[in-house]
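Q: Contents are mmCIF, C-alpha atoms; file name work.cif:
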```
data_data
#
loop_
_atom_site.label_atom_id
_atom_site.label_comp_id
_atom_site.auth_asym_id
_atom_site.auth_seq_id
_atom_site.Cartn_x
_atom_site.Cartn_y
_atom_site.Cartn_z
CA MET A 1 91.31 103.14 74.44
CA ASP A 2 94.34 103.86 76.61
CA ASP A 3 96.85 101.31 77.87
CA LYS A 4 95.40 101.16 81.37
CA ILE A 5 91.93 100.19 80.11
CA ARG A 6 93.43 97.67 77.70
CA ARG A 7 95.53 96.09 80.46
CA ILE A 8 92.53 95.73 82.79
CA TYR A 9 89.86 94.67 80.32
CA VAL A 10 91.52 92.80 77.47
CA PRO A 11 91.21 89.96 78.34
CA MET A 12 88.45 90.38 80.91
CA THR A 13 86.66 87.95 83.22
CA GLU A 14 83.80 85.88 81.88
CA SER A 15 81.32 87.78 84.11
CA GLY A 16 82.78 91.08 82.87
CA PHE A 17 82.34 90.03 79.27
CA TYR A 18 78.71 88.99 79.68
CA ILE A 19 77.83 92.13 81.64
CA LEU A 20 79.34 94.36 78.97
CA PHE A 21 77.74 92.30 76.20
CA CYS A 22 74.27 92.52 77.76
CA LEU A 23 74.50 96.25 78.40
CA GLN A 24 74.40 96.93 74.68
CA THR A 25 70.72 97.19 75.57
CA PRO A 26 70.14 99.43 78.62
CA GLN A 27 69.07 97.47 81.70
CA HIS A 28 69.64 96.96 85.41
CA GLY A 29 71.93 94.49 87.16
CA TYR A 30 69.33 91.86 87.91
CA GLY A 31 68.10 91.99 84.30
CA VAL A 32 71.67 91.37 83.13
CA SER A 33 72.04 88.36 85.42
CA ARG A 34 68.81 86.81 84.14
CA GLN A 35 69.80 87.40 80.53
CA VAL A 36 73.21 85.83 81.14
CA LYS A 37 71.65 82.77 82.73
CA GLU A 38 69.35 82.41 79.74
CA LEU A 39 72.05 83.01 77.11
CA THR A 40 74.39 80.45 78.66
CA GLY A 41 71.78 77.87 79.63
CA GLY A 42 72.67 78.42 83.29
CA ALA A 43 76.39 77.78 82.79
CA VAL A 44 77.32 81.31 83.84
CA VAL A 45 75.73 82.63 87.02
CA ILE A 46 76.64 86.08 88.30
CA GLY A 47 76.11 86.81 92.00
CA ALA A 48 74.85 90.08 93.46
CA GLY A 49 78.24 91.08 94.90
CA THR A 50 80.10 90.31 91.69
CA MET A 51 77.46 92.17 89.66
CA TYR A 52 77.55 95.27 91.82
CA GLY A 53 81.35 95.31 92.02
CA THR A 54 81.73 94.93 88.26
CA LEU A 55 79.10 97.57 87.44
CA SER A 56 80.73 100.07 89.84
CA LYS A 57 84.16 99.43 88.42
CA MET A 58 83.03 99.65 84.80
CA GLU A 59 81.13 102.86 85.50
CA ALA A 60 84.19 104.39 87.21
CA ASP A 61 86.35 103.39 84.23
CA GLY A 62 83.86 104.91 81.79
CA LEU A 63 82.83 101.67 80.01
CA ILE A 64 79.20 102.03 81.00
CA CYS A 65 77.09 104.95 82.18
CA PHE A 66 73.90 105.65 84.07
CA TYR A 67 70.90 105.46 81.74
CA ARG A 68 67.93 106.07 84.05
CA GLU A 69 66.34 104.89 87.26
CA GLU A 70 63.38 102.54 87.37
CA GLU A 71 61.78 101.65 90.70
CA LYS A 72 65.00 102.31 92.64
CA ARG A 73 66.98 100.23 90.16
CA LYS A 74 69.77 101.87 88.24
CA LEU A 75 69.84 101.12 84.51
CA TYR A 76 73.14 101.23 82.68
CA GLN A 77 74.21 101.26 79.07
CA LEU A 78 77.47 100.99 77.16
CA THR A 79 79.50 104.10 76.40
CA GLU A 80 81.55 104.60 73.24
CA LEU A 81 84.61 103.35 75.17
CA GLY A 82 82.60 100.35 76.35
CA ARG A 83 81.74 99.46 72.74
CA GLU A 84 85.39 99.74 71.78
CA VAL A 85 86.48 97.46 74.65
CA LEU A 86 83.73 94.94 73.85
CA ALA A 87 84.77 94.89 70.17
CA ALA A 88 88.42 94.31 71.13
CA GLU A 89 87.41 91.47 73.43
CA ILE A 90 85.15 89.88 70.81
CA GLY A 91 88.03 90.05 68.30
CA ARG A 92 90.27 88.29 70.79
CA ILE A 93 87.69 85.58 71.44
CA GLU A 94 87.17 85.06 67.69
CA ARG A 95 90.89 84.54 67.29
CA LEU A 96 90.92 82.01 70.12
CA TYR A 97 87.97 80.23 68.60
CA LYS A 98 89.43 80.09 65.09
CA ASN A 99 92.81 78.91 66.37
CA SER A 100 91.16 76.26 68.51
CA LYS A 101 89.54 74.88 65.34
CA GLY A 102 92.93 74.76 63.68
CA GLU A 103 92.38 77.84 61.53
CA ARG A 104 94.95 80.58 61.16
CA CYS A 105 94.26 84.24 61.81
CA ASP A 106 95.72 87.07 59.78
CA ALA A 107 96.79 89.99 61.94
CA MET B 1 63.97 84.93 123.63
CA ARG B 2 67.44 86.28 123.06
CA LYS B 3 70.94 85.18 123.84
CA THR B 4 74.35 86.73 123.45
CA PHE B 5 77.28 84.71 122.26
CA ILE B 6 80.88 85.78 122.66
CA ARG B 7 82.90 84.76 119.67
CA PHE B 8 85.85 86.53 118.11
CA PHE B 9 86.41 86.56 114.37
CA THR B 10 89.23 88.57 112.82
CA ILE B 11 88.79 90.46 109.55
CA ALA B 12 90.27 87.44 107.81
CA ASP B 13 87.77 84.93 109.24
CA TYR B 14 84.61 85.97 107.40
CA GLU B 15 84.18 82.58 105.72
CA GLU B 16 84.22 80.85 109.13
CA GLU B 17 81.85 83.51 110.47
CA GLU B 18 79.37 82.86 107.63
CA ALA B 19 79.45 79.12 108.31
CA TRP B 20 79.00 79.63 112.06
CA LEU B 21 76.01 81.97 111.58
CA ARG B 22 74.41 79.41 109.26
CA GLU B 23 74.84 76.69 111.91
CA GLN B 24 73.24 78.94 114.51
CA HIS B 25 70.22 79.50 112.27
CA GLN B 26 69.98 75.75 111.61
CA SER B 27 69.70 75.25 115.35
CA GLY B 28 67.03 77.93 115.72
CA TRP B 29 68.97 81.12 116.43
CA ARG B 30 68.98 84.00 113.99
CA LEU B 31 71.42 86.87 114.25
CA VAL B 32 69.86 90.21 115.15
CA GLY B 33 72.80 92.29 116.30
CA LEU B 34 76.53 92.49 116.81
CA THR B 35 78.47 94.69 119.18
CA PRO B 36 82.10 94.76 118.11
CA PRO B 37 84.37 93.11 118.61
CA CYS B 38 82.74 89.87 119.72
CA PHE B 39 79.17 90.04 121.11
CA TYR B 40 76.66 88.35 118.81
CA VAL B 41 73.00 88.75 119.73
CA PHE B 42 70.65 86.01 118.55
CA GLU B 43 66.89 85.65 118.68
CA ALA B 44 65.09 82.32 118.87
CA CYS B 45 63.46 81.30 115.58
CA GLU B 46 62.27 78.25 113.64
CA PRO B 47 65.33 76.13 112.77
CA GLN B 48 65.95 76.67 109.06
CA ASP B 49 68.81 76.36 106.61
CA VAL B 50 69.72 79.96 105.86
CA VAL B 51 72.90 80.94 104.07
CA TYR B 52 74.78 83.90 105.53
CA ARG B 53 77.14 86.01 103.44
CA LEU B 54 79.32 88.96 104.36
CA ASP B 55 80.58 91.67 102.07
CA PHE B 56 83.17 94.23 103.06
CA LYS B 57 82.44 97.69 101.74
CA ASN B 58 84.01 99.88 104.44
CA ALA B 59 81.19 102.40 103.87
CA LYS B 60 77.46 102.74 104.16
CA PRO B 61 75.92 100.43 101.57
CA SER B 62 74.38 102.24 98.62
CA GLY B 63 70.64 101.95 98.01
CA GLU B 64 71.51 100.59 94.59
CA TYR B 65 73.46 97.67 96.03
CA LEU B 66 70.77 96.81 98.57
CA GLN B 67 68.09 96.85 95.86
CA LEU B 68 70.26 94.65 93.65
CA ALA B 69 70.82 92.22 96.53
CA ARG B 70 67.06 92.13 97.20
CA ASP B 71 66.45 91.33 93.53
CA PHE B 72 68.81 88.38 93.93
CA GLY B 73 66.82 87.15 96.92
CA TRP B 74 69.14 88.40 99.68
CA GLU B 75 67.89 89.91 102.89
CA TYR B 76 70.24 92.65 104.05
CA PHE B 77 69.72 92.87 107.80
CA MET B 78 72.63 94.76 109.36
CA SER B 79 76.06 96.23 108.99
CA SER B 80 78.91 96.38 111.44
CA MET B 81 82.35 97.97 111.12
CA GLY B 82 82.18 98.12 107.33
CA TRP B 83 80.77 94.61 106.97
CA LEU B 84 77.40 94.07 105.33
CA PHE B 85 75.40 91.05 106.51
CA PHE B 86 73.16 89.24 104.06
CA ARG B 87 71.16 86.05 104.38
CA LYS B 88 68.97 83.90 102.16
CA PRO B 89 66.96 80.77 102.98
CA THR B 90 68.01 77.77 100.91
CA ASP B 91 65.37 75.79 99.09
CA ALA B 92 65.22 72.91 96.67
CA ALA B 93 64.69 75.24 93.70
CA MET B 94 67.90 77.10 94.44
CA GLU B 95 70.44 76.61 91.69
CA PRO B 96 74.12 76.08 92.41
CA ASP B 97 75.99 79.37 92.91
CA GLU B 98 72.82 81.19 93.93
CA ASP B 99 73.94 80.94 97.54
CA GLU B 100 77.01 83.08 96.79
CA LEU B 101 77.33 86.85 96.70
CA PHE B 102 80.53 86.46 94.71
CA SER B 103 80.25 84.15 91.77
CA ASP B 104 83.75 84.25 90.35
CA ASN B 105 87.26 83.96 91.67
CA ALA B 106 88.31 87.41 90.48
CA SER B 107 85.69 89.12 92.67
CA ARG B 108 86.49 86.87 95.66
CA ALA B 109 90.18 87.76 95.37
CA ASP B 110 89.25 91.45 94.96
CA MET B 111 87.32 91.40 98.21
CA ALA B 112 90.26 89.90 100.15
CA ALA B 113 92.58 92.49 98.57
CA SER B 114 90.22 95.32 99.45
CA ILE B 115 90.12 94.20 103.12
CA VAL B 116 93.92 94.36 103.21
CA ARG B 117 94.05 97.75 101.50
CA THR B 118 91.27 99.61 103.29
CA ARG B 119 91.28 97.97 106.71
CA LEU B 120 94.36 95.91 107.58
CA VAL B 121 96.99 98.39 106.39
CA PRO B 122 95.39 101.44 108.09
CA ILE B 123 94.91 99.45 111.32
CA ALA B 124 98.50 98.26 111.24
CA ILE B 125 99.79 101.81 110.78
CA ILE B 126 97.55 103.31 113.49
CA PHE B 127 98.30 100.59 116.06
CA LEU B 128 102.02 100.69 115.50
CA CYS B 129 102.02 104.51 115.72
CA CYS B 130 100.10 104.42 119.01
CA VAL B 131 101.69 101.46 120.69
CA LEU B 132 105.33 101.68 119.61
CA PRO B 133 106.10 105.16 121.07
CA ASN B 134 104.47 104.16 124.36
CA LEU B 135 106.44 100.96 124.44
CA PHE B 136 109.69 102.87 123.86
CA ASN B 137 108.84 105.37 126.61
CA ALA B 138 108.06 102.57 129.02
CA VAL B 139 111.21 100.62 128.20
CA SER B 140 113.44 103.69 128.47
CA GLY B 141 112.18 104.28 132.03
CA ARG B 142 110.58 107.65 131.32
CA LEU B 143 107.36 106.66 133.01
CA GLY B 144 108.78 106.65 136.56
CA ALA B 145 108.68 104.08 139.32
CA PHE B 146 105.89 101.98 137.87
CA GLY B 147 107.44 101.93 134.43
CA TRP B 148 107.75 98.15 134.50
CA ILE B 149 103.96 97.81 134.64
CA PHE B 150 103.63 99.93 131.50
CA THR B 151 106.47 98.07 129.85
CA ARG B 152 104.61 94.80 130.33
CA LEU B 153 101.24 96.28 129.40
CA PHE B 154 102.41 97.94 126.18
CA GLY B 155 104.64 94.97 125.44
CA ALA B 156 101.63 92.65 125.66
CA ILE B 157 99.45 94.94 123.52
CA PHE B 158 102.26 95.21 121.00
CA LEU B 159 102.68 91.43 120.77
CA ILE B 160 98.93 90.85 120.41
CA ASP B 161 98.70 93.51 117.68
CA VAL B 162 101.64 92.13 115.78
CA TYR B 163 100.22 88.62 116.06
CA LEU B 164 96.77 89.69 114.82
CA ILE B 165 98.13 91.80 111.99
CA VAL B 166 100.47 89.07 110.79
CA HIS B 167 97.77 86.39 111.17
CA CYS B 168 95.24 88.43 109.17
CA GLY B 169 97.79 89.42 106.54
CA ILE B 170 98.85 85.81 105.92
CA LYS B 171 95.29 84.48 105.94
CA LEU B 172 93.94 87.14 103.57
CA LYS B 173 96.86 86.53 101.24
CA ARG B 174 96.03 82.81 101.28
CA ILE B 175 92.38 83.54 100.46
CA ARG B 176 93.47 85.81 97.62
CA ASP B 177 95.95 83.25 96.29
CA ARG B 178 93.34 80.50 96.43
CA TYR B 179 91.27 82.47 93.93
CA ARG B 180 94.09 83.74 91.77
CA TRP B 181 96.60 81.96 89.63
#
```
What would you get if you wrote out this structure as structure tokens?

A:
Amino acid sequence: MDDKIRRIYVPMTESGFYILFCLQTPQHGYGVSRQVKELTGGAVVIGAGTMYGTLSKMEADGLICFYREEEKRKLYQLTELGREVLAAEIGRIERLYKNSKGERCDA
Amino acid sequence: MRKTFIRFFTIADYEEEEAWLREQHQSGWRLVGLTPPCFYVFEACEPQDVVYRLDFKNAKPSGEYLQLARDFGWEYFMSSMGWLFFRKPTDAAMEPDEDELFSDNASRADMAASIVRTRLVPIAIIFLCCVLPNLFNAVSGRLGAFGWIFTRLFGAIFLIDVYLIVHCGIKLKRIRDRYRW
């Protein structure tokens, strides 16, 4: 992961995180938004414009790639770089979580 | 039945434009066409609460985006000068945020920034390149006996351009700052 990707995506927006997280399984944008709604009990809603903008940007930056087309809908999945970025972000969130509970983190 | 409304919105007034189009639909007029810069064509319809949203893409919308928008319940019905027009009827089952194309502040700020980058800055450069040399020619008297007419004409165009560019620049920056900290 180069510095540019790290600067843009770690930390990333909440929508960005959920989109990347859900694309561990290949699916299309609307599928991601439904899964996010379900996972978060409706607390995180991603709009069509935000979804499309984020998918385009992540595809251009090589975090996700085209998987296949299904009834005019484009399915995406994580790339190796996408997995790396997601892992870095999850590590950061774990640290936040532990620290917020008063625990210390080693390195 | 159709009617044409004359109303001018700058590239920084899209939130006002959305609200105005919604009001029109509530009073039984749905938008069917727009001739830039300011002629809005409406068609009579059943009064209904329909949310209007604009996205600025500065390009033909991709089939992928339109399909995605359809999946989210949006009707894409026209584009004009790089703006995509979407609408969606509100109903009781609609959850909060479902009436927005952009659901987080980062993407709202990105849209304002992209309007500045791909529309406002090019327009500013083109207008100043066209109008400034003409204004200088007119002022320096190179346009002959009626030079004063051109001086006033280009002077007026120049002032209007500068006003619009500054107005849009400040307003878009405010929109961006509202969504960014």

Q: With only C-alpha atoms as the atoms that count, which of A:Asn99, A:Gln77, A:Ser15, A:Gln35 lies nearest to A:Ile64?

A: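 Closest to A:Ile64, using only C-alpha atoms: A:Gln77.
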
Q: Selection in question (the file shown): the PyMOL selection byres ((chain A) within 6 of (chain B)). Which residues does it include, as a PyMOL selection string?

A: chain A and resi 46-50

Q: So that all listed atoms of stretch 109-112 of chain B fit with 6 Å spare on each side, what axis-aligned box centre and edge lengths in Å, to one decimal, would you give as JSON?

A:
```
{"center_x": 88.8, "center_y": 89.6, "center_z": 97.6, "size_x": 14.9, "size_y": 15.7, "size_z": 17.2}
```

Q: Could you state the separation of atom CA of B:Lys57 and atom CA of B:Asp13 in Å, given to one decimal place?

A: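 Interatomic distance, atom CA of B:Lys57 to atom CA of B:Asp13: 15.7 Å.
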
Q: Could you name the residues that touch stretch 24-33 of chain B at 9 Å or less, counting only C-alpha atoms, but leaving out those on the same chain fewer than 3 positions away, as a ChimeraX atom specification?

A: /B:2-3,19-21,39-51,77-80

Q: Can I get the selected residues back with C-alpha atoms, as a JSON list (two decimals), keeping the file's coordinate frame?

A:
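Saved to result24.json:
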```json
[["chain", "number", "residue", "atom", "x", "y", "z"],
["B", 2, "ARG", "CA", 67.44, 86.28, 123.06],
["B", 3, "LYS", "CA", 70.94, 85.18, 123.84],
["B", 19, "ALA", "CA", 79.45, 79.12, 108.31],
["B", 20, "TRP", "CA", 79.00, 79.63, 112.06],
["B", 21, "LEU", "CA", 76.01, 81.97, 111.58],
["B", 39, "PHE", "CA", 79.17, 90.04, 121.11],
["B", 40, "TYR", "CA", 76.66, 88.35, 118.81],
["B", 41, "VAL", "CA", 73.00, 88.75, 119.73],
["B", 42, "PHE", "CA", 70.65, 86.01, 118.55],
["B", 43, "GLU", "CA", 66.89, 85.65, 118.68],
["B", 44, "ALA", "CA", 65.09, 82.32, 118.87],
["B", 45, "CYS", "CA", 63.46, 81.30, 115.58],
["B", 46, "GLU", "CA", 62.27, 78.25, 113.64],
["B", 47, "PRO", "CA", 65.33, 76.13, 112.77],
["B", 48, "GLN", "CA", 65.95, 76.67, 109.06],
["B", 49, "ASP", "CA", 68.81, 76.36, 106.61],
["B", 50, "VAL", "CA", 69.72, 79.96, 105.86],
["B", 51, "VAL", "CA", 72.90, 80.94, 104.07],
["B", 77, "PHE", "CA", 69.72, 92.87, 107.80],
["B", 78, "MET", "CA", 72.63, 94.76, 109.36],
["B", 79, "SER", "CA", 76.06, 96.23, 108.99],
["B", 80, "SER", "CA", 78.91, 96.38, 111.44]]
```

Q: List every protein, DNA or RNA residue with an atom no more than 9 Å from (70.1, 98.2, 79.9) in the file's coordinates, counting only C-alpha atoms, and format the result as number ranges by chain.

A: A: 22-29, 31-32, 67, 75-78

Q: Find the spatial neighbours of A:Val44, counting only C-alpha atoms, within a cut-off of 9 Å - ignore same-chain residues fewer than 3 positions away - and output them as a PyMOL selection string.

A: (chain A and resi 14-15+18+33+36-37+39-41) or (chain B and resi 103)

Q: Write out as a ChimeraX atom specification the residues lying within 6 Å of stretch 129-141 of chain B, counting all atoms listed in the file and excluding same-chain residues fewer than 5 positions away.

A: /B:147,150-151,154

Q: Filtering to N, CA and C atoms, could stretch 29-55 of chain B of the supplied structure be written out as a PDB file, in the first residue's frame?

A:
```pdb
ATOM      1  N   TRP B  29     -47.303  20.637 -10.898  1.00  0.00           N
ATOM      2  CA  TRP B  29     -46.521  20.874 -12.112  1.00  0.00           C
ATOM      3  C   TRP B  29     -45.239  20.064 -12.055  1.00  0.00           C
ATOM      4  N   ARG B  30     -45.097  19.125 -13.006  1.00  0.00           N
ATOM      5  CA  ARG B  30     -43.861  18.351 -12.996  1.00  0.00           C
ATOM      6  C   ARG B  30     -42.942  18.800 -14.123  1.00  0.00           C
ATOM      7  N   LEU B  31     -41.667  18.813 -13.816  1.00  0.00           N
ATOM      8  CA  LEU B  31     -40.676  19.306 -14.777  1.00  0.00           C
ATOM      9  C   LEU B  31     -40.524  18.318 -15.925  1.00  0.00           C
ATOM     10  N   VAL B  32     -40.572  18.829 -17.168  1.00  0.00           N
ATOM     11  CA  VAL B  32     -40.344  17.938 -18.308  1.00  0.00           C
ATOM     12  C   VAL B  32     -39.180  18.395 -19.183  1.00  0.00           C
ATOM     13  N   GLY B  33     -38.744  19.628 -19.010  1.00  0.00           N
ATOM     14  CA  GLY B  33     -37.633  20.066 -19.850  1.00  0.00           C
ATOM     15  C   GLY B  33     -37.019  21.345 -19.331  1.00  0.00           C
ATOM     16  N   LEU B  34     -35.789  21.600 -19.766  1.00  0.00           N
ATOM     17  CA  LEU B  34     -35.100  22.817 -19.347  1.00  0.00           C
ATOM     18  C   LEU B  34     -34.229  23.280 -20.495  1.00  0.00           C
ATOM     19  N   THR B  35     -34.458  24.517 -20.934  1.00  0.00           N
ATOM     20  CA  THR B  35     -33.571  25.102 -21.927  1.00  0.00           C
ATOM     21  C   THR B  35     -32.681  26.090 -21.208  1.00  0.00           C
ATOM     22  N   PRO B  36     -31.377  25.831 -21.182  1.00  0.00           N
ATOM     23  CA  PRO B  36     -30.481  26.728 -20.461  1.00  0.00           C
ATOM     24  C   PRO B  36     -30.548  28.123 -21.060  1.00  0.00           C
ATOM     25  N   PRO B  37     -30.351  29.165 -20.287  1.00  0.00           N
ATOM     26  CA  PRO B  37     -29.993  29.046 -18.879  1.00  0.00           C
ATOM     27  C   PRO B  37     -31.186  29.050 -17.919  1.00  0.00           C
ATOM     28  N   CYS B  38     -32.409  29.391 -18.393  1.00  0.00           N
ATOM     29  CA  CYS B  38     -33.422  29.684 -17.377  1.00  0.00           C
ATOM     30  C   CYS B  38     -34.862  29.361 -17.763  1.00  0.00           C
ATOM     31  N   PHE B  39     -35.096  28.542 -18.794  1.00  0.00           N
ATOM     32  CA  PHE B  39     -36.475  28.253 -19.199  1.00  0.00           C
ATOM     33  C   PHE B  39     -36.882  26.847 -18.766  1.00  0.00           C
ATOM     34  N   TYR B  40     -37.718  26.781 -17.734  1.00  0.00           N
ATOM     35  CA  TYR B  40     -38.159  25.497 -17.197  1.00  0.00           C
ATOM     36  C   TYR B  40     -39.537  25.178 -17.741  1.00  0.00           C
ATOM     37  N   VAL B  41     -39.667  24.020 -18.390  1.00  0.00           N
ATOM     38  CA  VAL B  41     -40.947  23.610 -18.957  1.00  0.00           C
ATOM     39  C   VAL B  41     -41.614  22.599 -18.023  1.00  0.00           C
ATOM     40  N   PHE B  42     -42.847  22.916 -17.634  1.00  0.00           N
ATOM     41  CA  PHE B  42     -43.592  22.039 -16.731  1.00  0.00           C
ATOM     42  C   PHE B  42     -44.841  21.508 -17.425  1.00  0.00           C
ATOM     43  N   GLU B  43     -45.291  20.355 -16.967  1.00  0.00           N
ATOM     44  CA  GLU B  43     -46.509  19.757 -17.471  1.00  0.00           C
ATOM     45  C   GLU B  43     -47.455  19.589 -16.291  1.00  0.00           C
ATOM     46  N   ALA B  44     -48.736  19.828 -16.511  1.00  0.00           N
ATOM     47  CA  ALA B  44     -49.702  19.675 -15.419  1.00  0.00           C
ATOM     48  C   ALA B  44     -49.777  18.214 -14.986  1.00  0.00           C
ATOM     49  N   CYS B  45     -49.875  17.978 -13.676  1.00  0.00           N
ATOM     50  CA  CYS B  45     -49.963  16.609 -13.166  1.00  0.00           C
ATOM     51  C   CYS B  45     -50.739  16.619 -11.848  1.00  0.00           C
ATOM     52  N   GLU B  46     -51.001  15.442 -11.301  1.00  0.00           N
ATOM     53  CA  GLU B  46     -51.610  15.361  -9.970  1.00  0.00           C
ATOM     54  C   GLU B  46     -50.651  15.971  -8.962  1.00  0.00           C
ATOM     55  N   PRO B  47     -51.113  16.864  -8.080  1.00  0.00           N
ATOM     56  CA  PRO B  47     -50.215  17.380  -7.044  1.00  0.00           C
ATOM     57  C   PRO B  47     -49.718  16.229  -6.171  1.00  0.00           C
ATOM     58  N   GLN B  48     -48.415  16.166  -5.965  1.00  0.00           N
ATOM     59  CA  GLN B  48     -47.838  15.059  -5.212  1.00  0.00           C
ATOM     60  C   GLN B  48     -46.538  15.543  -4.597  1.00  0.00           C
ATOM     61  N   ASP B  49     -46.165  14.943  -3.455  1.00  0.00           N
ATOM     62  CA  ASP B  49     -44.887  15.324  -2.864  1.00  0.00           C
ATOM     63  C   ASP B  49     -43.788  14.459  -3.469  1.00  0.00           C
ATOM     64  N   VAL B  50     -43.015  15.074  -4.348  1.00  0.00           N
ATOM     65  CA  VAL B  50     -41.942  14.357  -5.033  1.00  0.00           C
ATOM     66  C   VAL B  50     -40.629  15.080  -4.758  1.00  0.00           C
ATOM     67  N   VAL B  51     -39.658  14.326  -4.278  1.00  0.00           N
ATOM     68  CA  VAL B  51     -38.349  14.920  -3.990  1.00  0.00           C
ATOM     69  C   VAL B  51     -37.542  15.005  -5.278  1.00  0.00           C
ATOM     70  N   TYR B  52     -36.944  16.150  -5.517  1.00  0.00           N
ATOM     71  CA  TYR B  52     -36.052  16.316  -6.666  1.00  0.00           C
ATOM     72  C   TYR B  52     -34.622  16.401  -6.174  1.00  0.00           C
ATOM     73  N   ARG B  53     -33.716  15.718  -6.878  1.00  0.00           N
ATOM     74  CA  ARG B  53     -32.291  15.804  -6.547  1.00  0.00           C
ATOM     75  C   ARG B  53     -31.460  15.960  -7.806  1.00  0.00           C
ATOM     76  N   LEU B  54     -30.431  16.788  -7.711  1.00  0.00           N
ATOM     77  CA  LEU B  54     -29.528  17.021  -8.830  1.00  0.00           C
ATOM     78  C   LEU B  54     -28.144  16.485  -8.501  1.00  0.00           C
ATOM     79  N   ASP B  55     -27.533  15.882  -9.498  1.00  0.00           N
ATOM     80  CA  ASP B  55     -26.144  15.473  -9.349  1.00  0.00           C
ATOM     81  C   ASP B  55     -25.375  16.097 -10.497  1.00  0.00           C
TER      82      ASP B  55
END
```
